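Notes follow once the structure below has been shown.
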Amino acid sequence: ATHEFNTPLCSFGQIITSSATVESNNRISCATPDISQMKFGDVFSTTVRVSTNGGTDFSTSSSRVVFYPPIRLLSVHPVAAPEMGSILKLRAENIFQSNDLACLFQLDGDVDYLSTPATLTSMLGEVECA
């Protein structure tokens, strides 16, 4: 692909995206590559480098970035919780243990989300939220 000389670019390994924005002298935003076709269990780990001259030169230093496939919710039990604080059991694909694992709930008519901690209870993708 041909790019304007002053076009900011980001490269994720061999994948170059032209959707990049220079926000300041020390900050650039990059659009990530399309990972929607990732399959169950796929993990894409690569380095990211930047160019501000259309890809003529890329940064000599890089950072590592890891992409995980999107989580796919398979089931929720119970479907309707009798009261706040009830434990919900979920089954999902592409989920892994993390200190940041959480369930997000949106109450009817509300624009805000309620976040609660979640626990991965099985390597089969079983999660509990309270």
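In the structure tokens, chains take the letters A, B, ... in the order shown, each chain's residues start at 1, and ligands count up from 1 in the order shown.
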
Quick check for you: according to DSSP on this backbone, which residues of chain A are classed as strand (DSSP E)? Reply as JSON, numbers by chain. {"A": [9, 10, 11, 12, 15, 16, 17, 20, 21, 22, 23, 24, 27, 28, 29, 30, 44, 45, 46, 47, 48, 49, 50, 51, 63, 64, 65, 66, 67, 72, 73, 74, 75, 76, 77, 88, 89, 90, 91, 92, 93, 102, 103, 104, 105, 106, 113, 114, 115, 116, 117, 118, 119, 120, 121, 122, 126, 127, 128, 129]}

Ser62 of chain A environment, 8 Å, only C-alpha atoms, sequence neighbours closer than 2 positions dropped, as a short mmCIF file (atom, residue, chain, number, x, y, z; two decimals) with C-alpha atoms, in the first residue's frame:
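For reference, out39.cif as written:
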```cif
data_model
loop_
_atom_site.label_atom_id
_atom_site.label_comp_id
_atom_site.auth_asym_id
_atom_site.auth_seq_id
_atom_site.Cartn_x
_atom_site.Cartn_y
_atom_site.Cartn_z
CA THR A 47 5.10 -6.25 18.68
CA VAL A 48 3.77 -2.80 17.84
CA ARG A 49 5.92 -0.11 16.22
CA SER A 59 10.41 3.15 15.58
CA THR A 60 13.45 1.09 16.57
CA ARG A 64 4.55 -6.29 22.97
#
```

List the spatial neighbours of Ala81 of chain A as a count of residues only - criterion: any atom at most 12 Å away, only C-alpha atoms, same-chain residues fewer than 6 positions off excluded. 6

So that I can see what lies close to Asn53 of chain A, please list as a PyMOL selection string the residues with an atom at most 8 Å from it, counting only C-alpha atoms and leaving out residues fewer than 2 positions away in the same chain. chain A and resi 4-9+51+55-57

If we count only C-alpha atoms and set the cut-off at 7 Å, which residues sit around segment 91-96 of chain A, ignoring sequence neighbours fewer than 3 positions away in its own chain? Please answer as a PyMOL selection string. chain A and resi 40-41+69-76+125-127

Atom CA of His77 of chain A to atom CA of Ser115 of chain A, straight-line distance in Å: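 For atom CA of Ser115 of chain A relative to atom CA of His77 of chain A, the distance reads 17.8 Å.
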
So which residues touch Ile15 of chain A within 12 Å, counting only C-alpha atoms, skipping near sequence neighbours fewer than 3 positions away, as number ranges by chain? A: 1, 9-12, 18-19, 31-35, 44, 46-50, 55

Mind writing the picked residues with C-alpha atoms as a PDB file, in the first residue's frame?
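And here's again_29.pdb as it stands now:
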```
ATOM      1  CA  ALA A   1       0.000   0.000   0.000  1.00  0.00           C
ATOM      2  CA  LEU A   9       1.130   4.332  10.765  1.00  0.00           C
ATOM      3  CA  CYS A  10       1.312   1.496  13.256  1.00  0.00           C
ATOM      4  CA  SER A  11       2.618  -1.983  12.577  1.00  0.00           C
ATOM      5  CA  PHE A  12       1.528  -5.057  14.478  1.00  0.00           C
ATOM      6  CA  SER A  18      -3.169   3.259   8.415  1.00  0.00           C
ATOM      7  CA  SER A  19      -5.615   4.211  11.149  1.00  0.00           C
ATOM      8  CA  ALA A  31      -6.276   1.133  15.377  1.00  0.00           C
ATOM      9  CA  THR A  32      -5.750  -2.553  16.056  1.00  0.00           C
ATOM     10  CA  PRO A  33      -5.914  -5.170  13.304  1.00  0.00           C
ATOM     11  CA  ASP A  34      -9.206  -6.981  12.756  1.00  0.00           C
ATOM     12  CA  ILE A  35      -9.175 -10.001  15.064  1.00  0.00           C
ATOM     13  CA  PHE A  44      -2.192 -13.282  18.798  1.00  0.00           C
ATOM     14  CA  THR A  46       3.096  -9.444  18.451  1.00  0.00           C
ATOM     15  CA  THR A  47       5.101  -6.245  18.679  1.00  0.00           C
ATOM     16  CA  VAL A  48       3.768  -2.801  17.839  1.00  0.00           C
ATOM     17  CA  ARG A  49       5.916  -0.106  16.224  1.00  0.00           C
ATOM     18  CA  VAL A  50       5.010   3.349  14.924  1.00  0.00           C
ATOM     19  CA  GLY A  55       6.117   3.877   6.762  1.00  0.00           C
TER      20      GLY A  55
END
```

Would you work out the distance separating atom CA of Ile28 of chain A from atom CA of Thr52 of chain A, expressed in Å to one decimal?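 These two atoms are separated by 9.2 Å.
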